[in-house]
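Quick notes on the structure that follows.
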Amino acid sequence: MSIERADQAAVKAADRAHVFHSWSAQAHLDPLPVQRAAGSSFWDYDGNRYLDFASQLVNANIGHQHPKVVAAIQEQAATLCTVAPGFAVDVRSEAARLVAERTPGDLDKIFFTNGGAEAVENAARMARLHTGRPKLLSAYRSYHGATGTAINLTGDPRRWASDTGTAGVVHFHGPYLYRSPFHATTEREECERALAHLEETIVLEGPDTVAAVVLETIPGGSGILLPPPGYLPGVRAICDRYGIVMVLDEVMAGFGRAGRWFALDHYLDQDTAPDLVTFAKGVNSGYVPLGGVAISAAIAADWDERPYPGGLTYSGHPLACAAAVATLGAMAEEGIVEHAAHIGETVLGPGLRALAERHPSIGEVRGTGVFWALELVRDRETREPLVPYRPRGDEGRPTAELAAACKRRGLWPLVAGNRLHVVPPCTIDAAEVEEGLAILDEALAVADAHTTAGATSAA
């Protein structure tokens with residue numbers, strides 16, 4: 001089959017014959033063959049356009065086929081496609097400088113990986129070696145990747161099949177006021193009680209055994225759970241009190257997604273910066289795989305005179321770093337981070353809240369920048385989720401029907417659990433947002449039919 005002459009049926013047939021997909025029962029897959037993409041949209045081989053309200057996997061922050069990034073990859077490929085990590089390379093050095101320039105505090109050394117999971121793996125290793133302690137703490141509602149340590153740090157159900165209970169990970173409840181595990185009714189109560197719970201967990205586990213607290217700055221795959229004011233500074237203070245490394249996972253939330261260069265910029269300053277920050281996805285919008293760890297001076301100094309026991313063949317790959325340099329340059333030159341904040345504040349946020357007024361299936365709207373989630377419920381009063389925490393069999397039908405309704409109308413959604421995540425590219429314009437919101441307005445009628453209000457109306 002010639003790639004140039006491939007048609008939709010041939011692409012799908014080859015996929016089903018040879019490609020093994022992640023997180024999927026292979027026999028039940030029906031993947032959409034995608035031919036091309038541009039800006040906030042992509043197209044199939046029949047010419048059908050889909051407005052990308054998922055940014056693929058929340059990584060196409062700068063949109064599809066940005067000409068400056070494509071040109072940078074092409075130029076780098078013509079000069080130097082690959083080189084081992086031990087060499088000094090201009091684009092690698094510049095990518096590291098640009099990331100370090102935007103991190104708070106003294107996180108000025110960058111260890112490059114191929115993606116977010118490897119970044120988390122290495123951050124965990126650094127924390128354990130720095131402290132000499134074995135345990136890692138992370139939140140139940142979290143996702144940190146699918147490699148060995150990262151999947152055990154993950155709190156959501158994707159961990160369960162791989163969790164042996166021997167990884168040295170302890171989970172705790174993070175703040176989530178809408179479904180507060182602390183019976184809180186205000187943000188202040190949620191913050192205070194969540195911090196007390198975290199500190200009690202550390203005390204009961206033994207502070208001298210805890211190497212790091214690993215948190216997504218804004219938990220993404222678990223529901224875009226914005227931490228209440230004071231929570232992250234409180235975590236910083238607890239970590240300082242017990243000599244624990246604070247690791248913030250910015251893989252999904254970073255590089256404009258939350259309307260700031262890093263989501264942590266909403267909550268922390270130079271004096272309360274974390275010790276390690278993991279990143280990936282938006283650093284080069286996924287054009288070429290890249291991730292990394294931003295490392296504080298104190299931790300980086302541990303390996304001034306002894307080798308760091310970790311590495312990757314493709315660490316700081318030239319094509320990936322060239323894409324990062326171009327992406328970060330374009331984001332700065334074109335005001336993309338500021339645009340994301342503006343779109344969230346003036347169009348996307350107000351539009352989603354207006355949908356909530358019309359649709360009984362929306363229990364809560366949460367978000368910032370171009371990082372939003374609709375909490376879907378069967379009943380607003382009881383807050384019963386539209387689908388269970390881990391739906392089995394036909395239990396996931398309401399959200400599956402919602403996703404299908406969006407796709408039929410030309411919008412590609414991101415459904416996770418009982419939530420509809422609204423995470424378009426940071427470059428999306430107001431007209432495209434309005435187009436997507438209009439489609440959601442129609443499609444949400446499918447979810448409304450599964451609510452107690454919808455059942456009463458049907459009766």
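The way I read the labels, and the way they are meant: chains A, B, ... in the order of the structure tokens, residue 1 as the first residue of every chain, and ligand 1 as the first ligand shown, with later ones counted on from there.
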Selection: 7 Å around range 404-415 of chain A, only C-alpha atoms, excl. self and same-chain fewer than 2 positions, as number ranges by chain: A: 49-54, 399-402, 417, 419-422, 436, 439-440, 443
Expected file: the selected residues, C-alpha atoms, as a CSV table (one decimal), in the first residue's frame:
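Everything below was put into again24.csv:
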chain,number,residue,atom,x,y,z
A,49,ARG,CA,-13.8,18.0,9.6
A,50,TYR,CA,-13.6,17.6,13.4
A,51,LEU,CA,-13.0,20.5,15.7
A,52,ASP,CA,-10.4,19.2,18.2
A,53,PHE,CA,-11.8,19.9,21.6
A,54,ALA,CA,-9.4,17.3,23.1
A,399,THR,CA,-21.1,9.2,28.2
A,400,ALA,CA,-20.4,7.0,25.2
A,401,GLU,CA,-23.6,8.3,23.6
A,402,LEU,CA,-22.6,11.8,24.4
A,417,GLY,CA,-15.2,8.9,33.6
A,419,ARG,CA,-16.7,14.2,32.9
A,420,LEU,CA,-16.6,15.9,29.6
A,421,HIS,CA,-13.2,17.7,29.4
A,422,VAL,CA,-13.1,20.8,27.2
A,436,GLY,CA,-17.8,24.0,19.6
A,439,ILE,CA,-22.3,21.5,19.2
A,440,LEU,CA,-22.0,20.7,22.9
A,443,ALA,CA,-25.1,16.9,22.1
Those of range 261-447 of chain A in DSSP strand (DSSP E or B), formatted as a PyMOL selection string: chain A and resi 276-279+291-295+362-368+371-379+384-385+411-412+414-416+419-422
Can you write out as a tab-separated table which residues of range 292-370 of chain A fall within 10 Å of range 274-277 of chain A, alongside each residue's closest atom pair and its distance in Å to one decimal, counting only C-alpha atoms and ordering rows by chain and ascending residue number?
residue	atom	partner	partner_atom	distance
A:Gly292	CA	A:Val277	CA	8.3
A:Val293	CA	A:Val277	CA	5.6
A:Ala294	CA	A:Val277	CA	5.0
A:Ile295	CA	A:Leu276	CA	5.0
A:Ser296	CA	A:Asp275	CA	5.3
A:Ala297	CA	A:Asp275	CA	8.6
A:Ala298	CA	A:Asp275	CA	8.4
A:Ile299	CA	A:Asp275	CA	7.6
A:Ala300	CA	A:Leu276	CA	9.9
Show which residues sit within 12 Å of Ala453 in chain A, as an mmCIF file with N, CA and C atoms, in the first residue's frame. Count only C-alpha atoms, and ignore same-chain residues fewer than 5 positions away.
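Saved result, result.cif, follows:
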data_model
loop_
_atom_site.group_PDB
_atom_site.id
_atom_site.type_symbol
_atom_site.label_atom_id
_atom_site.label_comp_id
_atom_site.auth_asym_id
_atom_site.auth_seq_id
_atom_site.Cartn_x
_atom_site.Cartn_y
_atom_site.Cartn_z
ATOM 1 N N ARG A 358 -28.574 25.440 31.275
ATOM 2 C CA ARG A 358 -29.594 24.841 30.411
ATOM 3 C C ARG A 358 -29.652 23.323 30.501
ATOM 4 N N HIS A 359 -28.608 22.699 31.014
ATOM 5 C CA HIS A 359 -28.535 21.241 30.949
ATOM 6 C C HIS A 359 -28.427 20.637 32.354
ATOM 7 N N PRO A 360 -29.438 19.882 32.770
ATOM 8 C CA PRO A 360 -29.420 19.284 34.113
ATOM 9 C C PRO A 360 -28.332 18.225 34.292
ATOM 10 N N SER A 361 -27.720 17.774 33.216
ATOM 11 C CA SER A 361 -26.646 16.782 33.341
ATOM 12 C C SER A 361 -25.325 17.392 33.789
ATOM 13 N N ILE A 362 -25.214 18.716 33.808
ATOM 14 C CA ILE A 362 -23.979 19.385 34.243
ATOM 15 C C ILE A 362 -24.109 19.743 35.714
ATOM 16 N N VAL A 377 -23.755 14.591 35.867
ATOM 17 C CA VAL A 377 -24.489 13.946 36.957
ATOM 18 C C VAL A 377 -25.849 13.460 36.486
ATOM 19 N N ARG A 378 -26.366 12.472 37.214
ATOM 20 C CA ARG A 378 -27.751 12.042 36.996
ATOM 21 C C ARG A 378 -28.725 12.940 37.743
ATOM 22 N N ASP A 379 -28.265 13.500 38.840
ATOM 23 C CA ASP A 379 -29.136 14.303 39.689
ATOM 24 C C ASP A 379 -28.307 15.407 40.324
ATOM 25 N N ARG A 380 -28.667 16.650 40.083
ATOM 26 C CA ARG A 380 -27.889 17.760 40.640
ATOM 27 C C ARG A 380 -27.979 17.832 42.157
ATOM 28 N N GLU A 381 -29.100 17.441 42.692
ATOM 29 C CA GLU A 381 -29.277 17.533 44.140
ATOM 30 C C GLU A 381 -28.411 16.510 44.872
ATOM 31 N N ALA A 445 -28.019 17.142 25.138
ATOM 32 C CA ALA A 445 -29.384 16.613 25.287
ATOM 33 C C ALA A 445 -29.364 15.103 25.471
ATOM 34 N N ALA A 447 -27.025 13.446 27.160
ATOM 35 C CA ALA A 447 -26.731 13.213 28.575
ATOM 36 C C ALA A 447 -27.924 13.581 29.450
ATOM 37 N N ASP A 448 -28.609 14.654 29.087
ATOM 38 C CA ASP A 448 -29.782 15.081 29.872
ATOM 39 C C ASP A 448 -30.834 13.977 29.954
ATOM 40 N N ALA A 458 -39.478 12.711 30.234
ATOM 41 C CA ALA A 458 -39.912 11.654 29.295
ATOM 42 C C ALA A 458 -41.197 11.008 29.758
ATOM 43 N N ALA A 459 -41.339 10.842 31.088
ATOM 44 C CA ALA A 459 -42.553 10.234 31.621
ATOM 45 C C ALA A 459 -43.755 11.143 31.432
#
Residues within 10 Å of Thr149 in chain A, only C-alpha atoms, excluding chain neighbours under 2 positions, as JSON, numbers by chain: {"A": [117, 118, 120, 121, 122, 124, 125, 136, 144, 145, 146, 147, 151, 152, 153, 154, 163, 167, 168, 169]}
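Nearest residue to Arg390 in chain A among A:Leu290, A:Val89, A:Val203, A:Ala416 is A:Ala416, counting only C-alpha atoms.
Residue neighbourhood of Ala273 in chain A, excluding near-sequence residues (fewer than 3 positions): Pro104, Gly105, Arg236, Leu268, Asp269 and Gln270 of chain A, at 8 Å, using only C-alpha atoms.
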Long-range neighbours of Pro391 in chain A as an MDAnalysis selection string, 12 Å cut-off, only C-alpha atoms, 3 positions minimum in chain: chainID A and resid 157 385:388 394:400 416:418
CA of Gly115 in chain A to CA of Gly316 in chain A, distance in Å rounded to a single decimal: 10.8 Å
Selected residue of minimal separation from Asp46 in chain A among A:Ser315, A:Thr217, A:Gln8, A:Ser222, counting only C-alpha atoms: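 Between A:Ser315, A:Thr217, A:Gln8, A:Ser222, the residue approaching Asp46 in chain A most closely is A:Gln8.
Those residues that approach Leu98 in chain A to within 8 Å, counting only C-alpha atoms, are Glu94, Ala95, Glu101, Arg102, Val325 and Leu328 of chain A; same-chain residues fewer than 3 positions away are not listed.
Ranking A:Met126, A:Ala212, A:Val235, A:Ala38 by their shortest atom-to-atom distance to Glu192 in chain A, with only C-alpha atoms included, puts A:Val235 first.
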In range 81-193 of chain A, DSSP helix (DSSP H, G or I) residues written as a ChimeraX atom specification: /A:90-102,116-131,148-153,157-162,177-179,187-193
Selected residue of minimal separation from Asp156 in chain A among A:Ala139, A:Leu107, A:Ala341, A:Ala10, counting only C-alpha atoms: A:Ala139
Proximity to Asp106 in chain A - best of A:Ala301, A:Leu137, A:Ile62, A:Ala88, only C-alpha atoms: A:Ala301
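When CA of Phe262 in chain A is paired with CA of Glu250 in chain A, their separation reads 6.9 Å.
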Computed interatomic separation between CA of Glu434 in chain A and CA of Glu364 in chain A (Å): 19.8 Å
